[in-house]
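Peer 1: Dropping in data_12.txt, which is compact mmCIF, C-alpha atoms:
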# COMPACT_ATOMS: atom_id res chain seq x y z
CA MET A 1 5.09 -0.14 -23.07
CA THR A 2 6.75 1.66 -25.95
CA GLY A 3 6.52 0.27 -29.46
CA ARG A 4 9.43 -1.43 -31.20
CA PRO A 5 10.18 -0.43 -34.79
CA VAL A 6 8.90 -2.88 -37.40
CA ARG A 7 11.77 -3.91 -39.65
CA GLY A 8 11.62 -4.52 -43.32
CA VAL A 9 8.53 -2.41 -43.95
CA PRO A 10 8.71 -0.18 -47.06
CA GLN A 11 7.28 3.35 -47.26
CA ALA A 12 3.66 3.49 -48.35
CA PRO A 13 2.85 5.14 -51.69
CA PRO A 14 2.63 8.97 -51.60
CA GLU A 15 -1.04 9.00 -52.63
CA ARG A 16 -1.96 7.62 -49.19
CA GLU A 17 -0.22 10.38 -47.22
CA ARG A 18 -3.53 11.88 -46.24
CA GLU A 19 -6.06 9.71 -44.51
CA ALA A 20 -9.51 10.58 -43.21
CA PRO A 21 -10.31 9.76 -39.55
CA GLY A 22 -13.11 7.38 -40.56
CA GLU A 23 -10.75 5.58 -42.92
CA ARG A 24 -8.16 5.32 -40.11
CA ARG A 25 -10.72 3.64 -37.83
CA GLY A 26 -11.75 1.30 -40.63
CA ILE A 27 -8.14 0.17 -41.09
CA PHE A 28 -7.77 -0.41 -37.37
CA GLU A 29 -10.96 -2.48 -37.21
CA GLU A 30 -9.80 -4.63 -40.13
CA TYR A 31 -6.38 -5.22 -38.57
CA HIS A 32 -7.96 -5.88 -35.19
CA ASP A 33 -10.27 -8.57 -36.63
CA LEU A 34 -7.33 -10.24 -38.39
CA LEU A 35 -5.27 -10.14 -35.22
CA MET A 36 -7.99 -11.65 -33.04
CA GLU A 37 -8.25 -14.58 -35.44
CA ARG A 38 -4.62 -15.37 -34.56
CA LEU A 39 -5.04 -14.87 -30.81
CA GLU A 40 -7.62 -17.48 -29.89
CA HIS A 41 -6.02 -17.96 -26.46
CA TYR A 42 -4.52 -14.48 -26.07
CA ARG A 43 -5.06 -14.40 -22.29
CA GLU A 44 -2.43 -17.12 -21.97
CA LEU A 45 0.13 -15.19 -24.04
CA THR A 46 2.73 -12.83 -22.67
CA ASP A 47 2.92 -9.20 -23.79
CA GLU A 48 5.96 -9.98 -25.92
CA GLU A 49 4.15 -12.85 -27.65
CA ILE A 50 1.21 -10.58 -28.49
CA TYR A 51 3.58 -7.94 -29.85
CA ALA A 52 5.21 -10.66 -31.98
CA ARG A 53 1.83 -11.63 -33.49
CA ILE A 54 1.11 -7.96 -34.25
CA ASP A 55 4.52 -7.56 -35.91
CA GLU A 56 3.88 -10.64 -38.04
CA LEU A 57 0.56 -9.17 -39.20
CA LEU A 58 2.10 -5.78 -40.01
CA ALA A 59 4.98 -7.43 -41.89
CA GLU A 60 2.56 -9.47 -44.02
CA LYS A 61 0.62 -6.34 -44.92
CA ALA A 62 3.73 -4.23 -45.52
CA GLY A 63 3.86 -4.80 -49.25
CA THR A 64 0.28 -3.72 -49.86
CA GLY A 65 0.89 -0.03 -49.16
CA TYR A 66 -2.31 -0.16 -47.10
CA VAL A 67 -0.84 1.77 -44.14
CA ARG A 68 2.11 4.10 -44.46
CA LEU A 69 5.22 3.53 -42.36
CA SER A 70 4.73 6.58 -40.14
CA GLN A 71 1.35 5.22 -38.99
CA ARG A 72 2.40 1.66 -38.28
CA ARG A 73 3.98 2.34 -34.91
CA SER A 74 0.81 3.99 -33.58
CA LEU A 75 -1.30 1.22 -35.12
CA ARG A 76 0.92 -1.36 -33.42
CA THR A 77 0.35 0.33 -30.05
CA GLU A 78 -3.40 0.64 -30.63
CA LEU A 79 -3.69 -3.04 -31.51
CA PHE A 80 -1.79 -4.05 -28.39
CA ASN A 81 -3.96 -1.78 -26.22
CA SER A 82 -7.11 -3.29 -27.69
CA VAL A 83 -5.98 -6.78 -26.72
CA ARG A 84 -4.06 -6.41 -23.48
CA ARG A 85 -4.78 -2.98 -22.05
CA LEU A 86 -7.82 -0.64 -22.13
CA ASP A 87 -8.33 -0.08 -25.84
CA ILE A 88 -8.64 3.57 -26.87
CA LEU A 89 -8.86 4.68 -23.21
CA GLN A 90 -5.20 3.76 -22.76
CA GLU A 91 -4.17 6.84 -24.72
CA LEU A 92 -6.00 9.02 -22.18
CA ILE A 93 -4.70 7.10 -19.19
CA ASP A 94 -1.12 7.58 -20.39
CA ASP A 95 -1.62 11.34 -20.82
CA ASP A 96 -0.30 13.05 -17.68
CA GLY A 97 -2.26 16.21 -18.49
CA ILE A 98 -5.63 14.48 -18.08
CA THR A 99 -7.01 14.23 -14.55
CA GLU A 100 -10.41 12.65 -15.19
CA ILE A 101 -11.89 10.39 -17.86
CA MET A 102 -15.68 9.99 -18.15
CA VAL A 103 -17.10 7.35 -20.48
CA ASN A 104 -20.86 7.76 -20.98
CA GLY A 105 -21.52 4.37 -22.48
CA THR A 106 -21.06 4.35 -26.25
CA GLU A 107 -22.51 7.86 -26.51
CA GLY A 108 -19.35 9.81 -25.80
CA ILE A 109 -16.20 10.36 -23.75
CA PHE A 110 -15.37 13.48 -21.77
CA ILE A 111 -12.06 14.41 -20.17
CA GLU A 112 -10.90 16.91 -17.57
CA ARG A 113 -7.74 18.78 -18.51
CA GLY A 114 -6.43 21.83 -16.66
CA GLY A 115 -9.54 21.95 -14.51
CA GLY A 116 -11.97 22.17 -17.46
CA LEU A 117 -14.18 19.54 -19.11
CA GLU A 118 -14.05 18.86 -22.83
CA PRO A 119 -15.43 16.17 -25.15
CA TRP A 120 -13.00 13.71 -26.71
CA PRO A 121 -13.58 13.12 -30.44
CA ARG A 122 -13.20 9.35 -30.26
CA ARG A 123 -15.65 6.90 -28.74
CA ILE A 124 -15.90 3.20 -28.01
CA ALA A 125 -17.54 1.53 -30.97
CA SER A 126 -19.81 -1.00 -29.28
CA LYS A 127 -21.37 -1.94 -25.97
CA GLU A 128 -19.55 -5.27 -26.16
CA LYS A 129 -16.15 -3.57 -26.37
CA LEU A 130 -17.03 -1.35 -23.45
CA GLU A 131 -18.15 -4.31 -21.36
CA ASP A 132 -14.87 -6.05 -22.17
CA ILE A 133 -12.95 -3.03 -20.83
CA VAL A 134 -15.04 -3.12 -17.65
CA GLN A 135 -14.26 -6.81 -17.16
CA ARG A 136 -10.53 -6.24 -17.68
CA ILE A 137 -10.45 -3.50 -15.04
CA ALA A 138 -12.51 -5.55 -12.59
CA ALA A 139 -10.47 -8.72 -13.09
CA ARG A 140 -7.18 -6.96 -12.32
CA CYS A 141 -8.56 -5.87 -8.94
CA ASN A 142 -10.23 -9.21 -8.19
CA ARG A 143 -13.64 -7.54 -8.42
CA THR A 144 -16.86 -8.76 -10.02
CA ALA A 145 -18.87 -6.65 -12.47
CA ASN A 146 -22.18 -7.95 -13.82
CA GLU A 147 -25.92 -7.36 -13.55
CA ALA A 148 -25.93 -8.70 -10.00
CA VAL A 149 -22.98 -6.48 -8.98
CA SER A 150 -23.68 -3.45 -11.15
CA ILE A 151 -21.69 -0.79 -9.25
CA VAL A 152 -17.97 -1.48 -8.88
CA ASP A 153 -15.05 0.53 -7.49
CA ALA A 154 -11.58 -0.46 -8.64
CA ARG A 155 -8.16 0.99 -9.44
CA LEU A 156 -5.63 0.79 -12.24
CA GLU A 157 -1.97 -0.19 -12.01
CA ASN A 158 -0.96 3.49 -11.93
CA GLY A 159 -3.17 4.12 -8.90
CA ALA A 160 -6.01 5.79 -10.81
CA ARG A 161 -9.40 5.41 -9.14
CA VAL A 162 -12.16 3.81 -11.21
CA ASN A 163 -15.93 3.72 -10.72
CA MET A 164 -17.99 1.54 -13.07
CA VAL A 165 -21.78 1.29 -13.35
CA MET A 166 -23.30 -1.49 -15.42
CA ALA A 167 -26.78 -2.43 -16.61
CA PRO A 168 -29.51 -2.50 -15.42
CA VAL A 169 -28.55 0.61 -13.41
CA ALA A 170 -26.83 2.40 -16.32
CA LEU A 171 -29.38 2.97 -19.08
CA ASN A 172 -27.02 4.22 -21.80
CA GLY A 173 -24.46 1.44 -21.47
CA PRO A 174 -21.61 0.85 -19.01
CA ILE A 175 -20.42 4.09 -17.39
CA ILE A 176 -16.73 4.38 -16.48
CA THR A 177 -15.25 7.25 -14.48
CA ILE A 178 -11.47 7.26 -14.02
CA ARG A 179 -9.69 9.75 -11.80
CA ARG A 180 -5.97 9.95 -12.42
CA PHE A 181 -3.52 11.04 -9.77
CA PRO A 182 -0.12 12.60 -10.44
CA ASN A 183 2.73 10.14 -10.88
CA ASP A 184 4.56 12.09 -8.20
CA PRO A 185 2.45 13.03 -5.15
CA VAL A 186 1.56 16.70 -4.90
CA THR A 187 3.62 18.25 -2.12
CA ILE A 188 2.67 21.15 0.11
CA ARG A 189 5.19 23.28 -1.80
CA ARG A 190 3.29 22.74 -5.04
CA LEU A 191 0.02 23.59 -3.31
CA ILE A 192 1.60 26.87 -2.19
CA GLU A 193 2.80 27.55 -5.75
CA TRP A 194 -0.71 26.90 -7.08
CA GLY A 195 -2.21 29.25 -4.49
CA SER A 196 -4.16 26.46 -2.79
CA ILE A 197 -2.73 27.33 0.63
CA SER A 198 -0.54 30.07 2.07
CA GLY A 199 3.01 29.42 3.25
CA GLU A 200 2.10 30.55 6.75
CA ALA A 201 -0.83 28.13 7.00
CA ALA A 202 1.30 25.30 5.56
CA LEU A 203 3.95 25.79 8.25
CA PHE A 204 1.21 25.86 10.87
CA LEU A 205 -0.21 22.53 9.62
CA LYS A 206 3.27 21.03 9.45
CA ASP A 207 3.76 21.69 13.18
CA LEU A 208 0.33 20.24 13.96
CA VAL A 209 1.07 17.02 12.06
CA ILE A 210 4.47 16.59 13.72
CA ALA A 211 2.98 17.28 17.17
CA GLY A 212 0.29 14.63 16.70
CA TYR A 213 -2.92 16.61 16.26
CA ASN A 214 -5.76 14.52 14.83
CA ILE A 215 -6.81 16.20 11.58
CA PHE A 216 -9.96 15.67 9.51
CA ILE A 217 -10.23 17.03 5.95
CA SER A 218 -13.65 17.84 4.51
CA GLY A 219 -14.74 18.93 1.05
CA GLY A 220 -16.88 18.11 -1.94
CA THR A 221 -16.20 15.69 -4.78
CA GLY A 222 -13.04 16.67 -6.66
CA SER A 223 -12.12 19.38 -4.17
CA GLY A 224 -8.66 17.94 -3.41
CA LYS A 225 -9.20 16.05 -0.13
CA THR A 226 -6.92 13.15 -1.06
CA THR A 227 -4.30 15.56 -2.43
CA MET A 228 -4.26 17.47 0.86
CA LEU A 229 -4.14 14.23 2.83
CA ASN A 230 -1.11 13.10 0.83
CA ALA A 231 0.61 16.45 1.31
CA LEU A 232 0.06 16.43 5.08
CA SER A 233 1.19 12.82 5.44
CA ASP A 234 4.57 13.89 4.08
CA PHE A 235 5.15 15.73 7.39
CA ILE A 236 4.75 12.60 9.53
CA PRO A 237 8.09 11.67 11.12
CA LYS A 238 9.65 8.89 9.04
CA ASP A 239 10.46 6.69 12.05
CA GLU A 240 6.81 6.16 12.99
CA ARG A 241 4.63 3.16 12.16
CA ILE A 242 1.70 4.13 9.94
CA VAL A 243 -1.34 2.06 8.94
CA THR A 244 -3.40 3.30 5.99
CA ILE A 245 -6.95 2.06 5.45
CA GLU A 246 -8.81 2.68 2.20
CA ASP A 247 -11.66 1.44 0.05
CA ASN A 248 -9.34 1.71 -2.95
CA ALA A 249 -5.66 2.31 -2.35
CA GLU A 250 -4.91 5.88 -3.50
CA LEU A 251 -2.60 7.35 -0.88
CA GLN A 252 1.01 7.92 -1.95
CA ILE A 253 2.99 8.05 1.27
CA ARG A 254 6.71 8.30 0.66
CA GLY A 255 9.81 7.69 2.73
CA VAL A 256 8.14 5.72 5.54
CA ALA A 257 9.74 2.30 6.00
CA ASN A 258 7.30 1.06 8.64
CA LEU A 259 4.17 1.42 6.52
CA VAL A 260 1.18 -0.97 6.43
CA ARG A 261 -1.35 -0.49 3.62
CA LEU A 262 -4.79 -2.08 3.97
CA GLU A 263 -7.56 -2.14 1.38
CA ALA A 264 -11.18 -3.19 1.80
CA ARG A 265 -12.54 -6.09 -0.22
CA ARG A 266 -15.97 -6.51 -1.76
CA PRO A 267 -17.93 -9.76 -1.34
CA ASN A 268 -17.64 -12.38 -4.07
CA ALA A 269 -20.49 -13.54 -6.30
CA GLU A 270 -21.79 -15.72 -3.46
CA GLY A 271 -21.85 -12.74 -1.11
CA GLU A 272 -18.90 -14.02 0.92
CA GLY A 273 -15.41 -12.80 1.74
CA GLU A 274 -16.23 -9.13 2.33
CA ILE A 275 -13.75 -7.16 4.43
CA THR A 276 -15.04 -3.72 5.35
CA ILE A 277 -13.36 -0.50 6.47
CA ARG A 278 -14.72 -1.28 9.96
CA ASP A 279 -12.96 -4.65 9.93
CA LEU A 280 -9.70 -3.03 8.87
CA ILE A 281 -9.84 -0.28 11.49
CA ARG A 282 -10.40 -2.85 14.22
CA ALA A 283 -7.58 -5.01 12.89
CA SER A 284 -5.25 -2.02 12.69
CA LEU A 285 -5.58 -1.39 16.42
CA ARG A 286 -3.76 -4.69 17.01
CA MET A 287 -0.90 -3.73 14.70
CA ARG A 288 0.72 -1.30 17.13
CA PRO A 289 0.30 1.78 14.87
CA ASP A 290 1.61 5.19 15.82
CA ARG A 291 -0.85 6.75 13.43
CA ILE A 292 -3.86 5.52 11.48
CA ILE A 293 -4.84 7.15 8.19
CA VAL A 294 -8.37 6.36 6.98
CA GLY A 295 -8.68 7.48 3.37
CA GLU A 296 -12.35 8.41 3.66
CA VAL A 297 -15.27 7.66 5.97
CA ARG A 298 -18.69 7.27 4.38
CA GLY A 299 -20.82 5.32 6.83
CA GLU A 300 -20.92 3.23 9.95
CA GLU A 301 -17.13 2.85 10.05
CA THR A 302 -17.04 6.43 11.37
CA ILE A 303 -17.56 5.26 14.96
CA ASP A 304 -14.55 2.94 14.69
CA MET A 305 -12.47 5.78 13.25
CA LEU A 306 -13.45 8.05 16.16
CA GLN A 307 -12.71 5.36 18.72
CA SER A 308 -9.26 4.83 17.21
CA LEU A 309 -8.62 8.58 17.60
CA ASN A 310 -9.65 8.33 21.23
CA THR A 311 -7.41 5.38 22.09
CA GLY A 312 -3.98 6.95 21.90
CA HIS A 313 -3.31 7.14 18.15
CA ASP A 314 -2.47 10.84 18.08
CA GLY A 315 -1.67 12.38 14.73
CA SER A 316 -4.15 10.30 12.77
CA LEU A 317 -5.78 11.65 9.59
CA SER A 318 -8.99 11.08 7.65
CA THR A 319 -11.33 12.71 5.13
CA GLY A 320 -15.05 12.95 4.40
CA HIS A 321 -17.56 14.63 2.10
CA GLY A 322 -19.00 17.85 3.51
CA ASN A 323 -19.99 21.33 2.36
CA SER A 324 -18.29 23.01 5.33
CA PRO A 325 -16.53 21.96 8.55
CA ARG A 326 -19.73 22.41 10.55
CA ASP A 327 -21.73 20.48 7.98
CA MET A 328 -19.10 17.74 8.23
CA LEU A 329 -19.59 17.55 11.99
CA SER A 330 -23.31 16.94 11.45
CA ARG A 331 -22.56 14.30 8.82
CA LEU A 332 -20.16 12.53 11.18
CA GLU A 333 -22.98 12.30 13.73
CA THR A 334 -25.32 10.88 11.11
CA MET A 335 -22.75 8.34 9.89
CA VAL A 336 -22.11 7.12 13.43
CA LEU A 337 -25.86 6.59 13.89
CA MET A 338 -25.87 4.42 10.75
CA GLY A 339 -23.98 1.76 12.67
CA LEU A 340 -24.73 2.37 16.34
CA GLU A 341 -27.72 3.67 18.26
CA ILE A 342 -26.29 5.88 20.97
CA PRO A 343 -27.32 9.35 22.23
CA VAL A 344 -26.24 12.24 19.99
CA GLN A 345 -24.59 13.84 23.01
CA ALA A 346 -22.30 10.84 23.37
CA ILE A 347 -21.38 11.03 19.67
CA ARG A 348 -20.56 14.71 19.96
CA ARG A 349 -18.32 14.03 22.94
CA GLN A 350 -16.49 11.39 20.90
CA ILE A 351 -16.00 13.81 18.00
CA ALA A 352 -14.86 16.65 20.25
CA SER A 353 -12.42 14.38 22.06
CA GLY A 354 -11.08 12.65 18.94
CA ILE A 355 -10.70 15.37 16.29
CA ASP A 356 -8.50 18.40 16.97
CA ILE A 357 -8.43 20.22 13.62
CA MET A 358 -10.69 20.31 10.58
CA ILE A 359 -9.47 21.51 7.18
CA HIS A 360 -12.08 22.38 4.57
CA VAL A 361 -11.04 22.37 0.91
CA GLY A 362 -13.15 23.47 -2.01
CA ARG A 363 -13.21 23.91 -5.75
CA MET A 364 -13.80 27.50 -6.82
CA ARG A 365 -15.77 28.68 -9.84
CA ASP A 366 -12.50 29.25 -11.75
CA LYS A 367 -11.77 25.51 -11.23
CA SER A 368 -8.95 26.18 -8.75
CA ARG A 369 -8.81 24.18 -5.51
CA LYS A 370 -8.14 26.01 -2.27
CA VAL A 371 -8.08 25.58 1.48
CA LEU A 372 -11.16 27.55 2.54
CA GLU A 373 -11.03 27.14 6.31
CA ILE A 374 -8.90 25.68 9.07
CA LEU A 375 -10.99 25.19 12.18
CA GLU A 376 -10.08 24.04 15.69
CA ILE A 377 -12.40 21.86 17.78
CA THR A 378 -11.96 23.11 21.33
CA GLY A 379 -14.30 20.81 23.25
CA TYR A 380 -17.90 20.01 24.14
CA ASP A 381 -20.29 22.41 25.82
CA ALA A 382 -22.37 20.27 28.19
CA VAL A 383 -24.87 23.08 28.77
CA GLN A 384 -25.55 23.83 25.10
CA GLN A 385 -24.85 20.19 24.17
CA GLU A 386 -22.79 21.38 21.22
CA ILE A 387 -19.26 20.89 19.91
CA THR A 388 -17.33 24.12 20.37
CA THR A 389 -15.13 25.36 17.52
CA HIS A 390 -13.35 28.44 16.33
CA THR A 391 -11.80 29.43 13.01
CA ILE A 392 -8.03 29.85 12.78
CA TYR A 393 -7.70 30.53 9.03
CA GLU A 394 -10.39 31.48 6.52
CA TYR A 395 -10.20 32.20 2.79
CA GLU A 396 -11.30 35.69 1.83
CA GLU A 397 -12.09 36.43 -1.80
CA ARG A 398 -11.06 39.85 -3.14
CA GLY A 399 -12.37 39.67 -6.69
CA GLU A 400 -11.28 38.37 -10.11
CA ASP A 401 -8.48 39.23 -12.50
CA ALA A 402 -8.89 39.96 -16.22
CA GLU A 403 -8.84 36.23 -17.05
CA GLY A 404 -11.51 35.32 -14.52
CA ARG A 405 -9.17 33.84 -11.93
CA ILE A 406 -10.24 34.39 -8.35
CA ILE A 407 -8.09 36.73 -6.28
CA GLY A 408 -8.01 36.15 -2.53
CA GLU A 409 -5.99 34.86 0.39
CA LEU A 410 -6.15 32.57 3.38
CA VAL A 411 -6.36 35.01 6.28
CA LYS A 412 -5.42 34.19 9.86
CA LYS A 413 -8.37 34.84 12.18
CA ASP A 414 -7.20 33.55 15.55
CA ASP A 415 -4.51 31.53 17.31
CA LEU A 416 -4.55 27.89 18.24
CA ARG A 417 -6.05 27.50 21.71
CA CYS A 418 -5.31 23.89 22.61
CA ARG A 419 -1.50 24.00 22.55
CA GLY A 420 -0.70 21.06 24.82
CA LYS A 421 0.44 18.71 22.04
CA LEU A 422 2.60 21.41 20.46
CA GLU A 423 4.34 22.11 23.76
CA ARG A 424 4.92 18.42 24.49
CA ALA A 425 6.50 18.10 21.04
CA GLY A 426 8.78 21.06 21.75
CA LEU A 427 6.98 23.24 19.20
CA GLY A 428 5.14 25.48 21.60
CA LYS A 429 7.08 28.61 20.75
CA GLU A 430 7.18 30.47 17.48
CA ARG A 431 9.85 29.04 15.16
CA ARG A 432 11.14 29.71 11.69
CA ALA A 433 11.07 26.16 10.38
CA GLY A 434 11.02 25.40 6.69
CA LEU A 435 8.76 23.00 4.84
CA SER A 436 11.50 20.48 3.98
What is this structure when it is put down as structure tokens?
Peer 2:
Amino acid sequence: MTGRPVRGVPQAPPEREREAPGERRGIFEEYHDLLMERLEHYRELTDEEIYARIDELLAEKAGTGYVRLSQRRSLRTELFNSVRRLDILQELIDDDGITEIMVNGTEGIFIERGGGLEPWPRRIASKEKLEDIVQRIAARCNRTANEAVSIVDARLENGARVNMVMAPVALNGPIITIRRFPNDPVTIRRLIEWGSISGEAALFLKDLVIAGYNIFISGGTGSGKTTMLNALSDFIPKDERIVTIEDNAELQIRGVANLVRLEARRPNAEGEGEITIRDLIRASLRMRPDRIIVGEVRGEETIDMLQSLNTGHDGSLSTGHGNSPRDMLSRLETMVLMGLEIPVQAIRRQIASGIDIMIHVGRMRDKSRKVLEILEITGYDAVQQEITTHTIYEYEERGEDAEGRIIGELVKKDDLRCRGKLERAGLGKERRAGLS
């Protein structure tokens, strides 16, 4: 919320034009203490009522020359953020240029901007303040954060993903990690402009999504899996019924009227009321979906995801953590075994039957994110008892430029072999379709 100008406040004396950072924080702390004395039941007040109390305080102090006029608007916003929003972190959350915020207890704050990490000069003054921020975030998502539930995943109103770790697990105070997503979803066109994928490969994936190929995206933490998933989902025909299933709602699917969004729920303090990804996948099968999008599989829900792919929901999408497509196949086997004891051969048959295409994304040493491989799963070799695959596109690095940026390209290695879905969708022949 933007600040309103405070009327009737005279200009502060010239001798206070320059103010040291420590002095600025001291003024804020004094004003904050005075404000909290007036807001005994602030949780019951509206935002406008809190702003009114802040304006009253600033008006009373206006004649003292304690804070100059040019600083009062920012002080007003800081005071409001400390009461209603996320204190000093709100400034970072509102900055569109910041993609990640890492709070290491009271010891320091680091941010990711433009792909690089840097320390932020400000820090949260006390463990109590930090714990209050944790509780505000958790309460908004109906989550519990305490010593009994010391690891909590949540999200902010703007869709940012939040992970919080409390004592006794976190030794240097509550740890908060916030990953911000763009206000507007990243499109495939922007990925092409950034060099994350070639135009040829993007058109190829567009046809696969339209034709109903089941696609799985693998990659490490921060490699751009969710970004790629969002970009591909934009190609889904807008007249289809889509069900999205996530631990924390992050997907930004646009233009689809028949969209169902489901989010898992953690158990309450009594250990009751939990709704898992497995529960949601099973429920989604009764919702008559054309496609199911599972934000990420991490464990035993993998078998339910594979079964949904094998029961007529062509064109479904999902992601998972893996160092390569082949490593991801091994991890899928392991995750299935976490929830069901069945022969590995049976799992491999399920994977080979359910997943058509794997896309591997990675973060390069120059901090850029790129599609590194597009791989087709062609079947299951009963003799070798292995899933058969072949690479269609692969990223080839050529070197570095003068500024250390990686030079390379996504090179086509082979053609798609299983073309049945393309032909049934009328896309079997080469075409000059655009990305719109």
Peer 1: Compile the contact shell of segment 303-311 of chain A as a ChimeraX atom specification: residues with an atom at most 10 Å away, counting only C-alpha atoms, same-chain residues fewer than 5 positions apart removed.
Peer 2: /A:213-215,277-282,284-285,291-294,296-297,316-318,332-333,335-340,347,350-356
Peer 1: Which distance in Å separates atom CA of Gln385 of chain A and atom CA of Pro343 of chain A, to one decimal?
Peer 2: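 Spanning atom CA of Gln385 of chain A to atom CA of Pro343 of chain A is a straight-line distance of 11.3 Å.
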Peer 1: Neighbouring residues of Asp414 of chain A were defined as those with any atom within 10 Å, considering all atoms listed in the file; residues of the same chain fewer than 6 positions away were excluded. Please report them as number ranges by chain.
Peer 2: A: 375-376, 390-394
Peer 1: Please measure the separation of atom CA of Glu246 of chain A and atom CA of Ile151 of chain A, giving the value in Å to one decimal.
Peer 2: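 Result for atom CA of Glu246 of chain A versus atom CA of Ile151 of chain A: 17.6 Å, one decimal.
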Peer 1: Tell me which of A:Leu205, A:Met228, A:Ile124, A:Ala346 sits closest to Ile374 of chain A, counting only C-alpha atoms.
Peer 2: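 Among the listed residues, A:Leu205 lies closest to Ile374 of chain A.
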Peer 1: Could you check how far atom CA of Glu400 of chain A sits from atom CA of Met364 of chain A, in Å to one decimal?
Peer 2: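 Going from atom CA of Glu400 of chain A over to atom CA of Met364 of chain A covers 11.6 Å.
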Peer 1: Could you check which of A:Asn104, A:Ile98, A:Ala138, A:Ala402 is closest to Leu117 of chain A, using all atoms listed in the file?
Peer 2: A:Ile98
Peer 1: Might you pull out every residue within 6 Å of segment 176-186 of chain A, with all atoms listed in the file counted and same-chain residues fewer than 2 positions away left off, and present them as a ChimeraX atom specification?
Peer 2: /A:99-103,160-164
Peer 1: Just give me the residues with any atom within 7 Å of (-11.1, -4.2, 1.2), file coordinates, counting only C-alpha atoms, written as a list in words.
Peer 2: Asp247, Glu263, Ala264, Arg265, Arg266, Ile275, Thr276 and Ile277 of chain A
Peer 1: Between segment 115-201 of chain A and segment 235-243 of chain A, at 12 Å or less, what are the per-residue closest atom pairs and their distances in Å? Count all atoms listed in the file, order by chain and rising residue number, and return it as a Markdown table.
Peer 2:
| residue | atom | partner | partner_atom | distance |
| --- | --- | --- | --- | --- |
| A:Thr187 | CA | A:Phe235 | CA | 10.0 |
| A:Ile188 | CA | A:Phe235 | CA | 9.4 |
| A:Arg189 | CA | A:Phe235 | CA | 11.9 |
